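Enquirer: Provided below: target09.tsv, containing TSV, C-alpha atoms.
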```tsv
chain	number	residue	atom	x	y	z
Q	22	MET	CA	-8.70	3.16	17.51
Q	23	ASP	CA	-11.29	1.17	15.59
Q	24	TYR	CA	-8.85	-0.11	12.97
Q	25	LEU	CA	-11.36	-2.59	11.52
Q	26	SER	CA	-13.84	0.15	10.60
Q	27	ILE	CA	-11.06	2.35	9.19
Q	28	ASN	CA	-9.61	-0.42	7.02
Q	29	LYS	CA	-13.04	-1.68	6.01
Q	30	GLU	CA	-13.92	1.78	4.68
Q	31	ALA	CA	-10.61	1.97	2.81
Q	32	TRP	CA	-11.10	-1.42	1.16
Q	33	ASP	CA	-14.71	-0.67	0.28
Q	34	LYS	CA	-13.38	2.37	-1.64
Q	35	ARG	CA	-10.50	0.43	-3.17
Q	36	THR	CA	-12.73	-2.35	-4.42
Q	37	LYS	CA	-14.76	0.11	-6.50
Q	38	VAL	CA	-11.52	1.16	-8.22
Q	39	HIS	CA	-10.07	-2.34	-8.52
Q	40	VAL	CA	-13.01	-3.92	-10.34
Q	41	GLU	CA	-12.58	-1.32	-13.11
Q	42	SER	CA	-8.79	-1.65	-13.37
Q	43	GLU	CA	-6.53	-3.22	-15.98
Q	44	PHE	CA	-4.53	-4.62	-13.07
Q	45	TYR	CA	-7.37	-7.00	-12.15
Q	46	ASP	CA	-8.74	-7.21	-15.73
Q	47	VAL	CA	-12.15	-8.62	-14.85
Q	48	ALA	CA	-13.12	-8.98	-18.52
Q	49	SER	CA	-10.34	-11.46	-19.31
Q	50	PHE	CA	-11.01	-13.27	-16.04
Q	51	LYS	CA	-14.62	-13.77	-17.12
Q	52	ASN	CA	-13.27	-15.12	-20.41
Q	53	GLY	CA	-11.28	-17.83	-18.63
Q	54	ARG	CA	-8.02	-16.27	-17.41
Q	55	CYS	CA	-6.68	-17.82	-14.21
Q	56	SER	CA	-5.69	-15.12	-11.72
Q	57	LEU	CA	-3.37	-17.43	-9.78
Q	58	ASN	CA	0.40	-17.26	-10.26
Q	59	PRO	CA	2.92	-20.07	-10.85
Q	60	ILE	CA	4.29	-19.82	-7.28
Q	61	GLU	CA	1.01	-20.66	-5.57
Q	62	LEU	CA	-0.14	-23.09	-8.26
Q	63	LYS	CA	3.05	-25.12	-7.86
Q	64	GLN	CA	3.03	-24.96	-4.06
Q	65	VAL	CA	-0.63	-25.83	-3.50
Q	66	GLY	CA	-0.82	-28.40	-6.27
Q	67	ASN	CA	-3.92	-30.37	-7.22
Q	68	VAL	CA	-7.06	-29.06	-5.49
Q	69	GLN	CA	-9.60	-31.23	-7.30
Q	70	GLY	CA	-12.36	-32.22	-4.88
Q	71	LYS	CA	-10.70	-30.53	-1.90
Q	72	SER	CA	-12.29	-27.95	0.39
Q	73	LEU	CA	-10.36	-24.68	0.36
Q	74	LEU	CA	-10.69	-21.64	2.63
Q	75	HIS	CA	-9.31	-18.39	1.20
Q	76	LEU	CA	-8.69	-15.78	3.89
Q	77	GLN	CA	-8.67	-12.08	2.87
Q	78	CYS	CA	-9.96	-12.98	-0.58
Q	79	HIS	CA	-10.71	-9.43	-1.84
Q	80	PHE	CA	-13.38	-9.62	-4.56
Q	81	GLY	CA	-12.87	-13.29	-5.25
Q	82	GLN	CA	-10.82	-13.78	-8.41
Q	83	ASP	CA	-8.26	-16.12	-6.83
Q	84	THR	CA	-10.99	-17.90	-4.87
Q	85	LEU	CA	-12.95	-18.52	-8.06
Q	86	SER	CA	-9.77	-19.57	-9.88
Q	87	TRP	CA	-9.37	-22.32	-7.29
Q	88	ALA	CA	-13.02	-23.23	-7.91
Q	89	ARG	CA	-12.31	-23.50	-11.64
Q	90	LEU	CA	-9.50	-25.92	-10.76
Q	91	GLY	CA	-11.95	-28.14	-8.90
Q	92	ALA	CA	-11.85	-26.97	-5.28
Q	93	GLU	CA	-14.88	-26.43	-3.07
Q	94	VAL	CA	-14.17	-22.86	-2.03
Q	95	THR	CA	-15.03	-20.42	0.73
Q	96	GLY	CA	-13.70	-16.86	0.62
Q	97	VAL	CA	-13.55	-14.46	3.58
Q	98	ASP	CA	-12.96	-10.72	3.42
Q	99	LEU	CA	-13.48	-7.68	5.65
Q	100	SER	CA	-14.92	-5.49	2.89
Q	101	ALA	CA	-18.67	-5.65	2.27
Q	102	ASN	CA	-18.12	-4.18	-1.18
Q	103	ALA	CA	-15.54	-6.84	-2.02
Q	104	ILE	CA	-17.91	-9.62	-0.96
Q	105	LYS	CA	-20.72	-8.06	-3.00
Q	106	HIS	CA	-18.56	-8.05	-6.12
Q	107	ALA	CA	-17.28	-11.57	-5.38
Q	108	ASN	CA	-20.85	-12.85	-5.32
Q	109	SER	CA	-21.67	-10.98	-8.53
Q	110	LEU	CA	-18.63	-12.51	-10.22
Q	111	LYS	CA	-19.57	-15.96	-8.97
Q	112	GLN	CA	-23.07	-15.62	-10.37
Q	113	ALA	CA	-21.86	-14.24	-13.69
Q	114	LEU	CA	-19.56	-17.24	-14.12
Q	115	ASP	CA	-22.04	-19.78	-12.70
Q	116	LEU	CA	-19.46	-21.06	-10.23
Q	117	LYS	CA	-20.08	-22.53	-6.79
Q	118	ALA	CA	-18.49	-20.61	-3.90
Q	119	ASP	CA	-19.36	-19.28	-0.47
Q	120	PHE	CA	-18.28	-15.73	0.34
Q	121	ILE	CA	-18.34	-14.42	3.91
Q	122	GLU	CA	-17.95	-10.82	5.05
Q	123	SER	CA	-15.81	-11.01	8.18
Q	124	ASP	CA	-12.57	-10.06	9.86
Q	125	VAL	CA	-10.15	-12.99	10.02
Q	126	VAL	CA	-10.22	-13.19	13.82
Q	127	GLN	CA	-14.00	-12.87	14.04
Q	128	PHE	CA	-14.34	-15.59	11.42
Q	129	GLY	CA	-12.02	-17.81	13.46
Q	130	HIS	CA	-14.22	-17.42	16.53
Q	131	GLU	CA	-17.46	-18.15	14.65
Q	132	ASN	CA	-16.44	-20.74	12.06
Q	133	LYS	CA	-17.31	-24.39	12.72
Q	134	GLN	CA	-16.20	-25.87	9.39
Q	135	GLN	CA	-12.82	-27.48	8.73
Q	136	PHE	CA	-11.06	-27.48	5.37
Q	137	ASP	CA	-8.42	-29.48	3.52
Q	138	ILE	CA	-6.57	-26.29	2.57
Q	139	VAL	CA	-6.33	-22.76	3.97
Q	140	PHE	CA	-4.81	-20.27	1.54
Q	141	THR	CA	-3.91	-16.57	1.76
Q	142	SER	CA	-1.68	-14.38	-0.38
Q	143	TYR	CA	-0.10	-11.06	-1.37
Q	144	GLY	CA	-0.39	-8.13	1.00
Q	145	VAL	CA	-2.49	-9.76	3.70
Q	146	LEU	CA	-0.50	-9.80	6.95
Q	147	CYS	CA	0.10	-6.07	7.34
Q	148	TRP	CA	-3.63	-5.56	8.04
Q	149	LEU	CA	-3.52	-7.80	11.12
Q	150	PRO	CA	-2.36	-6.50	14.51
Q	151	ASN	CA	-1.99	-9.93	16.07
Q	152	LEU	CA	-0.60	-12.96	14.23
Q	153	VAL	CA	-1.31	-15.26	17.18
Q	154	ASP	CA	-5.05	-14.87	16.59
Q	155	TRP	CA	-4.49	-15.22	12.84
Q	156	ALA	CA	-2.62	-18.51	13.29
Q	157	GLN	CA	-5.32	-19.78	15.64
Q	158	THR	CA	-7.94	-19.11	12.95
Q	159	ILE	CA	-5.88	-21.13	10.48
Q	160	ALA	CA	-5.28	-24.06	12.83
Q	161	LYS	CA	-8.92	-24.30	13.89
Q	162	SER	CA	-10.06	-24.12	10.27
Q	163	LEU	CA	-7.90	-27.04	9.10
Q	164	LYS	CA	-8.75	-30.71	9.13
Q	165	LEU	CA	-6.15	-33.03	10.64
Q	166	GLY	CA	-3.52	-33.41	7.95
Q	167	GLY	CA	-4.75	-30.25	6.20
Q	168	GLU	CA	-2.37	-27.77	4.60
Q	169	PHE	CA	-1.86	-24.04	5.05
Q	170	HIS	CA	-0.34	-22.04	2.19
Q	171	LEU	CA	0.90	-18.45	2.40
Q	172	VAL	CA	2.48	-16.40	-0.39
Q	173	GLU	CA	3.32	-12.91	0.84
Q	174	PHE	CA	5.28	-9.82	-0.11
Q	175	HIS	CA	8.67	-9.90	1.59
Q	176	THR	CA	9.18	-7.58	4.54
Q	177	PHE	CA	12.67	-6.75	3.26
Q	178	HIS	CA	10.99	-4.62	0.61
Q	179	ASP	CA	8.98	-2.84	3.31
Q	180	LEU	CA	12.21	-2.03	5.15
Q	181	LEU	CA	13.75	-0.46	2.04
Q	182	SER	CA	10.51	1.50	1.60
Q	183	GLY	CA	10.94	3.11	5.02
Q	184	TYR	CA	8.80	0.89	7.24
Q	185	SER	CA	9.94	-0.83	10.41
Q	186	TYR	CA	11.02	-4.44	10.02
Q	187	PHE	CA	10.46	-5.23	13.68
Q	188	PRO	CA	7.14	-4.49	15.41
Q	189	ASP	CA	6.88	-0.88	16.54
Q	190	SER	CA	5.02	0.53	19.53
Q	191	GLY	CA	1.95	1.13	17.38
Q	192	PRO	CA	0.58	0.75	13.86
Q	193	ASP	CA	1.39	2.86	10.84
Q	194	VAL	CA	-1.57	5.19	10.18
Q	195	GLU	CA	-1.37	6.72	6.72
Q	196	GLU	CA	-3.36	8.48	4.04
Q	197	GLU	CA	-2.77	6.63	0.80
Q	198	GLY	CA	-4.27	5.74	-2.55
Q	199	THR	CA	-4.40	2.29	-4.05
Q	200	TYR	CA	-1.94	0.32	-6.16
Q	201	THR	CA	-3.86	-0.12	-9.42
Q	202	GLU	CA	-3.05	1.94	-12.50
Q	203	ASN	CA	-6.46	3.67	-12.47
Q	204	CYS	CA	-6.08	5.25	-9.02
Q	205	ASP	CA	-7.44	8.79	-9.38
Q	206	GLY	CA	-5.48	10.16	-6.44
Q	207	THR	CA	-8.24	9.63	-3.88
Q	208	LYS	CA	-6.72	8.71	-0.52
Q	209	SER	CA	-8.07	6.76	2.42
Q	210	THR	CA	-6.84	6.31	5.97
Q	211	THR	CA	-5.23	2.90	6.48
Q	212	VAL	CA	-3.91	1.19	9.59
Q	213	THR	CA	-1.16	-1.41	9.15
Q	214	TRP	CA	1.40	-3.32	11.22
Q	215	SER	CA	4.91	-4.64	10.59
Q	216	HIS	CA	5.51	-8.37	11.00
Q	217	PRO	CA	9.02	-9.84	10.64
Q	218	ILE	CA	9.15	-13.28	9.06
Q	219	SER	CA	10.19	-14.82	12.37
Q	220	GLU	CA	6.90	-13.64	13.90
Q	221	VAL	CA	4.94	-15.27	11.09
Q	222	ILE	CA	6.75	-18.59	11.41
Q	223	ASN	CA	6.63	-18.66	15.21
Q	224	ALA	CA	2.91	-17.86	15.28
Q	225	LEU	CA	2.25	-20.88	13.07
Q	226	ILE	CA	4.58	-23.14	15.07
Q	227	ASP	CA	3.12	-22.04	18.40
Q	228	THR	CA	-0.37	-22.99	17.30
Q	229	GLY	CA	0.81	-26.53	16.54
Q	230	LEU	CA	1.27	-26.37	12.79
Q	231	LYS	CA	4.30	-28.08	11.26
Q	232	ILE	CA	6.27	-25.92	8.82
Q	233	GLU	CA	7.05	-28.09	5.80
Q	234	SER	CA	8.65	-25.50	3.54
Q	235	PHE	CA	9.78	-21.89	3.54
Q	236	SER	CA	11.01	-20.19	0.36
Q	237	GLU	CA	12.08	-16.71	-0.70
Q	238	HIS	CA	11.67	-15.35	-4.22
Q	239	PRO	CA	13.44	-12.48	-6.08
Q	240	TYR	CA	10.58	-11.94	-8.54
Q	241	SER	CA	7.07	-10.60	-8.02
Q	242	PRO	CA	4.26	-11.34	-10.47
Q	243	TYR	CA	2.86	-7.86	-9.81
Q	244	ASN	CA	4.21	-4.47	-10.83
Q	245	CYS	CA	2.66	-2.75	-7.82
Q	246	PHE	CA	5.67	-1.08	-6.16
Q	247	ASP	CA	7.88	1.82	-7.17
Q	248	GLY	CA	11.29	0.86	-8.51
Q	249	LEU	CA	10.45	-2.53	-10.00
Q	250	GLU	CA	11.80	-3.57	-13.39
Q	251	SER	CA	10.41	-6.21	-15.69
Q	252	VAL	CA	12.39	-9.39	-16.36
Q	253	PRO	CA	10.97	-11.33	-19.33
Q	254	ASN	CA	9.23	-14.59	-18.37
Q	255	LEU	CA	10.08	-14.14	-14.67
Q	256	GLY	CA	8.10	-11.13	-13.43
Q	257	TYR	CA	9.43	-8.01	-11.72
Q	258	GLN	CA	12.58	-7.51	-9.68
Q	259	MET	CA	14.15	-4.81	-7.55
Q	260	LEU	CA	17.88	-4.26	-7.29
Q	261	TYR	CA	19.70	-2.74	-4.31
Q	262	LYS	CA	23.31	-1.81	-5.03
Q	263	GLY	CA	23.10	-4.08	-8.04
Q	264	GLN	CA	21.80	-7.11	-6.13
Q	265	GLN	CA	18.34	-8.65	-6.18
Q	266	ILE	CA	16.25	-8.24	-3.06
Q	267	PRO	CA	13.68	-10.83	-2.00
Q	268	LEU	CA	10.21	-9.66	-3.04
Q	269	LEU	CA	8.12	-12.65	-1.95
Q	270	TYR	CA	8.23	-15.48	0.53
Q	271	SER	CA	6.08	-18.57	0.76
Q	272	ILE	CA	5.25	-20.99	3.56
Q	273	LYS	CA	3.61	-24.40	3.57
Q	274	ALA	CA	2.47	-25.80	6.93
Q	275	ARG	CA	0.44	-28.84	7.98
Q	276	LYS	CA	-1.90	-29.59	10.86
Q	277	VAL	CA	-0.46	-32.70	12.50
Q	278	ALA	CA	-2.37	-32.80	15.80
```
Mind turning the file's structure into structure tokens?

Expert:
Amino acid sequence: MDYLSINKEAWDKRTKVHVESEFYDVASFKNGRCSLNPIELKQVGNVQGKSLLHLQCHFGQDTLSWARLGAEVTGVDLSANAIKHANSLKQALDLKADFIESDVVQFGHENKQQFDIVFTSYGVLCWLPNLVDWAQTIAKSLKLGGEFHLVEFHTFHDLLSGYSYFPDSGPDVEEEGTYTENCDGTKSTTVTWSHPISEVINALIDTGLKIESFSEHPYSPYNCFDGLESVPNLGYQMLYKGQQIPLLYSIKARKVA
């Protein structure tokens, strides 16, 4: 199965919908809105003058938000349409950024540059069949002493949604729409994989990165799943038998050798 071509086609279609959505609200972004959330802003901290690689950057809003905060940014994404719109957004805002159309693993094999920070967030890991190769891309892309930051949707939510927590014998192949409010019902084939948190952490450790923090969060900044309820000033939560479930987790790791 050529999962890269399948997912690339799906994300090319999704991007066309996303750039017109209220969810991404490109107009307010052009007017100065920062698309980054408090969790990643607090974790990553000051990026002024630092080089930052954003893996799976979609059409570049978060990448360009880091640029607005003073980082020298490079964004990588599988979708040609996403990269096209990222470059258009960059030009419209007169911001400096490099955007590269590439799969994460392919980028890792070809990239020669090293960065102070590697960042990736929100719905990224399920598109990768092999986290060992993913972690190798991160490690090779970091300078000595450089930091890796991940903010990701918690796999506990996936379990309650009917997906396997532990890796299955093969990927989940589905026909699905997208998560923005303006989805017109059009569906695309997608290929995704389950990754328990232990697999994520061990992949990073095995490649030589030092885990400096791991956190779990009961609130999501995005209302992109069924069954979420708004909590003023905190985001969205999901309750199971009256108890909060973890919706996000975050990891900070450092290249020490």

Enquirer: Would you write out, as a Markdown table, a table of all residues in region 213-244 of chain Q that have an atom no more than 12 Å from an atom of region 37-52 of chain Q, listing for each the closest atom pair and the distance in Å to one decimal, considering all atoms listed in the file and ordering rows by chain and rising residue number?

Expert:
```
| residue | atom | partner | partner_atom | distance |
| --- | --- | --- | --- | --- |
| Q:Pro242 | CA | Q:Phe44 | CA | 11.4 |
| Q:Tyr243 | CA | Q:Phe44 | CA | 8.7 |
| Q:Asn244 | CA | Q:Phe44 | CA | 9.0 |
```

Enquirer: Rounded to one decimal, what separation in Å do you get between CA of Asp124 (chain Q) and CA of Leu163 (chain Q)?

Expert: 17.6 Å

Enquirer: Set the distance at 9 Å and use all atoms listed in the file: which residues neighbour Gly166 (chain Q) once local chain neighbours fewer than 2 positions away are removed? I'd like the list as a list in words.

Expert: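 Surrounding residues, per the criterion: Asp137, Leu163, Lys164, Glu168, Arg275, Lys276, Val277 and Ala278 of chain Q.
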
Enquirer: Rank Q:His178, Q:Tyr184, Q:Asn132, Q:Val221 by their smallest atom-to-atom distance to Gln265 (chain Q), using only C-alpha atoms, and report the top residue only.

Expert: Q:His178

Enquirer: Can you list, as a list in words, every protein, DNA or RNA residue that comes within 8 Å of Leu110 (chain Q) when you count all atoms listed in the file, leaving out same-chain residues fewer than 4 positions away?

Expert: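 Residues meeting the cut-off are Gly81, His106 and Leu114 of chain Q.
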
Enquirer: Would you place a box with edges along x, y and z of the file around all atoms of region 155-173 of chain Q listed there, add 6 Å to each of its six sides, and report the centre and edge lengths in Å to one decimal, as AutoDock Vina command-line options?

Expert:
```
--center_x -3.4 --center_y -23.2 --center_z 7.6 --size_x 25.4 --size_y 32.5 --size_z 28.0
```

Enquirer: Might you pull out every residue within 12 Å of region 248-255 of chain Q, with only C-alpha atoms counted and same-chain residues fewer than 2 positions away left off, and present them as a VMD selection string?

Expert: chain Q and resid 58 to 60 178 181 to 182 238 to 246 257 to 261 265 to 268

Enquirer: If we count only C-alpha atoms and set the cut-off at 7 Å, which residues sit around Phe174 (chain Q), ignoring sequence neighbours fewer than 4 positions away in its own chain? Please answer as a ChimeraX atom specification.

Expert: /Q:143-144,268-270

Enquirer: CA of Asp115 (chain Q) and CA of Gly53 (chain Q) are how many Å apart?

Expert: 12.4 Å

Enquirer: I'd like the interatomic distance between CA of Leu25 (chain Q) and CA of Glu202 (chain Q), to a tenth of an Å.

Expert: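 CA of Glu202 (chain Q) lies 25.8 Å from CA of Leu25 (chain Q).
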
Enquirer: Please work out which residues fall within 8 Å of (-7.5, -15.8, -13.1), coordinates as given in the file, with only C-alpha atoms counting, and return them as a list in words.

Expert: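 Nearby residues: Phe50, Gly53, Arg54, Cys55, Ser56, Leu57, Gln82, Asp83, Leu85 and Ser86 of chain Q.
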
Enquirer: Compare Q:Glu122, Q:Pro192, Q:Val139, Q:Ile104 by their minimum atom-to-atom distance to Trp87 (chain Q), counting all atoms listed in the file, and give me the closest one.

Expert: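 The shortest atom-to-atom distance to Trp87 (chain Q) comes from Q:Val139.
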
Enquirer: Using only C-alpha atoms for the distances, tell me which of Q:His175, Q:His130, Q:His79, Q:Lys262 is nearest to Glu237 (chain Q).

Expert: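 Under the stated criterion, the closest residue is Q:His175.
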
Enquirer: Give as a list in words every residue, naming chains and numbers as the document does, that has an atom within 8 Å of (1.2, 3.4, 9.6), counting only C-alpha atoms.

Expert: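 Applying the cut-off with only C-alpha atoms, one gets Pro192, Asp193, Val194, Glu195, Thr211, Val212, Thr213 and Trp214 of chain Q.
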
Enquirer: Which residue, Q:Cys78, Q:Ile232, Q:Val125, Q:Val68, has the smallest gap to Ala92 (chain Q) when you use only C-alpha atoms?

Expert: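 Of all the options, Q:Val68 lies closest to Ala92 (chain Q).
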
Enquirer: Have a look at Q:Ile138, Q:Tyr186, Q:Val126, Q:Gln64 and name the one nearest to Ser236 (chain Q); count only C-alpha atoms.

Expert: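 For Ser236 (chain Q), the nearest of the candidates is Q:Gln64.
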
Enquirer: Which residue out of Q:Trp155, Q:Tyr24, Q:Phe187, Q:Phe140 has the minimum interatomic distance to Phe128 (chain Q) when only C-alpha atoms are used?

Expert: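 Of all the options, Q:Trp155 lies closest to Phe128 (chain Q).
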
Enquirer: List the spatial neighbours of Phe120 (chain Q) as a PyMOL selection string - criterion: any atom at most 9 Å away, only C-alpha atoms, same-chain residues fewer than 3 positions off excluded.

Expert: chain Q and resi 78+81+94-98+104-105+107-108

Enquirer: Extract region 234-254 of chain Q from the structure I just pasted (atoms: N, CA and C atoms) and return it as a PDB file, in the first residue's frame.

Expert:
```pdb
ATOM      1  N   SER Q 234      10.750  16.475  30.243  1.00  0.00           N
ATOM      2  CA  SER Q 234       9.431  16.606  30.870  1.00  0.00           C
ATOM      3  C   SER Q 234       8.399  15.849  30.054  1.00  0.00           C
ATOM      4  N   PHE Q 235       7.407  15.342  30.770  1.00  0.00           N
ATOM      5  CA  PHE Q 235       6.242  14.694  30.156  1.00  0.00           C
ATOM      6  C   PHE Q 235       5.026  15.129  30.955  1.00  0.00           C
ATOM      7  N   SER Q 236       4.019  15.676  30.275  1.00  0.00           N
ATOM      8  CA  SER Q 236       2.822  16.167  30.958  1.00  0.00           C
ATOM      9  C   SER Q 236       1.579  15.689  30.236  1.00  0.00           C
ATOM     10  N   GLU Q 237       0.487  15.548  31.000  1.00  0.00           N
ATOM     11  CA  GLU Q 237      -0.813  15.216  30.434  1.00  0.00           C
ATOM     12  C   GLU Q 237      -1.802  16.326  30.795  1.00  0.00           C
ATOM     13  N   HIS Q 238      -2.756  16.571  29.894  1.00  0.00           N
ATOM     14  CA  HIS Q 238      -3.626  17.730  30.042  1.00  0.00           C
ATOM     15  C   HIS Q 238      -5.085  17.332  29.813  1.00  0.00           C
ATOM     16  N   PRO Q 239      -6.014  17.781  30.687  1.00  0.00           N
ATOM     17  CA  PRO Q 239      -7.424  17.422  30.538  1.00  0.00           C
ATOM     18  C   PRO Q 239      -8.195  18.323  29.583  1.00  0.00           C
ATOM     19  N   TYR Q 240      -7.559  19.401  29.105  1.00  0.00           N
ATOM     20  CA  TYR Q 240      -8.256  20.337  28.230  1.00  0.00           C
ATOM     21  C   TYR Q 240      -7.575  20.414  26.872  1.00  0.00           C
ATOM     22  N   SER Q 241      -8.397  20.492  25.826  1.00  0.00           N
ATOM     23  CA  SER Q 241      -7.903  20.708  24.469  1.00  0.00           C
ATOM     24  C   SER Q 241      -8.252  22.127  24.044  1.00  0.00           C
ATOM     25  N   PRO Q 242      -7.365  22.796  23.311  1.00  0.00           N
ATOM     26  CA  PRO Q 242      -7.723  24.115  22.797  1.00  0.00           C
ATOM     27  C   PRO Q 242      -8.677  24.054  21.603  1.00  0.00           C
ATOM     28  N   TYR Q 243      -8.892  22.842  21.077  1.00  0.00           N
ATOM     29  CA  TYR Q 243      -9.657  22.688  19.841  1.00  0.00           C
ATOM     30  C   TYR Q 243     -10.918  21.872  20.067  1.00  0.00           C
ATOM     31  N   ASN Q 244     -12.018  22.361  19.534  1.00  0.00           N
ATOM     32  CA  ASN Q 244     -13.284  21.630  19.587  1.00  0.00           C
ATOM     33  C   ASN Q 244     -13.420  20.815  18.298  1.00  0.00           C
ATOM     34  N   CYS Q 245     -12.585  19.776  18.183  1.00  0.00           N
ATOM     35  CA  CYS Q 245     -12.525  19.031  16.926  1.00  0.00           C
ATOM     36  C   CYS Q 245     -12.897  17.557  17.088  1.00  0.00           C
ATOM     37  N   PHE Q 246     -13.457  17.178  18.250  1.00  0.00           N
ATOM     38  CA  PHE Q 246     -13.913  15.814  18.466  1.00  0.00           C
ATOM     39  C   PHE Q 246     -15.362  15.837  18.938  1.00  0.00           C
ATOM     40  N   ASP Q 247     -16.077  14.760  18.664  1.00  0.00           N
ATOM     41  CA  ASP Q 247     -17.428  14.624  19.192  1.00  0.00           C
ATOM     42  C   ASP Q 247     -17.374  14.461  20.706  1.00  0.00           C
ATOM     43  N   GLY Q 248     -18.360  15.042  21.392  1.00  0.00           N
ATOM     44  CA  GLY Q 248     -18.482  14.816  22.826  1.00  0.00           C
ATOM     45  C   GLY Q 248     -17.706  15.766  23.705  1.00  0.00           C
ATOM     46  N   LEU Q 249     -17.076  16.779  23.127  1.00  0.00           N
ATOM     47  CA  LEU Q 249     -16.351  17.752  23.946  1.00  0.00           C
ATOM     48  C   LEU Q 249     -17.311  18.820  24.464  1.00  0.00           C
ATOM     49  N   GLU Q 250     -16.993  19.353  25.629  1.00  0.00           N
ATOM     50  CA  GLU Q 250     -17.783  20.465  26.177  1.00  0.00           C
ATOM     51  C   GLU Q 250     -16.845  21.595  26.555  1.00  0.00           C
ATOM     52  N   SER Q 251     -17.310  22.811  26.348  1.00  0.00           N
ATOM     53  CA  SER Q 251     -16.499  23.987  26.607  1.00  0.00           C
ATOM     54  C   SER Q 251     -16.411  24.274  28.103  1.00  0.00           C
ATOM     55  N   VAL Q 252     -15.216  24.630  28.553  1.00  0.00           N
ATOM     56  CA  VAL Q 252     -14.997  25.081  29.926  1.00  0.00           C
ATOM     57  C   VAL Q 252     -14.393  26.481  29.829  1.00  0.00           C
ATOM     58  N   PRO Q 253     -15.085  27.503  30.295  1.00  0.00           N
ATOM     59  CA  PRO Q 253     -14.613  28.874  30.112  1.00  0.00           C
ATOM     60  C   PRO Q 253     -13.168  29.060  30.574  1.00  0.00           C
ATOM     61  N   ASN Q 254     -12.390  29.705  29.720  1.00  0.00           N
ATOM     62  CA  ASN Q 254     -10.991  30.079  29.980  1.00  0.00           C
ATOM     63  C   ASN Q 254     -10.013  28.899  30.022  1.00  0.00           C
TER      64      ASN Q 254
END
```
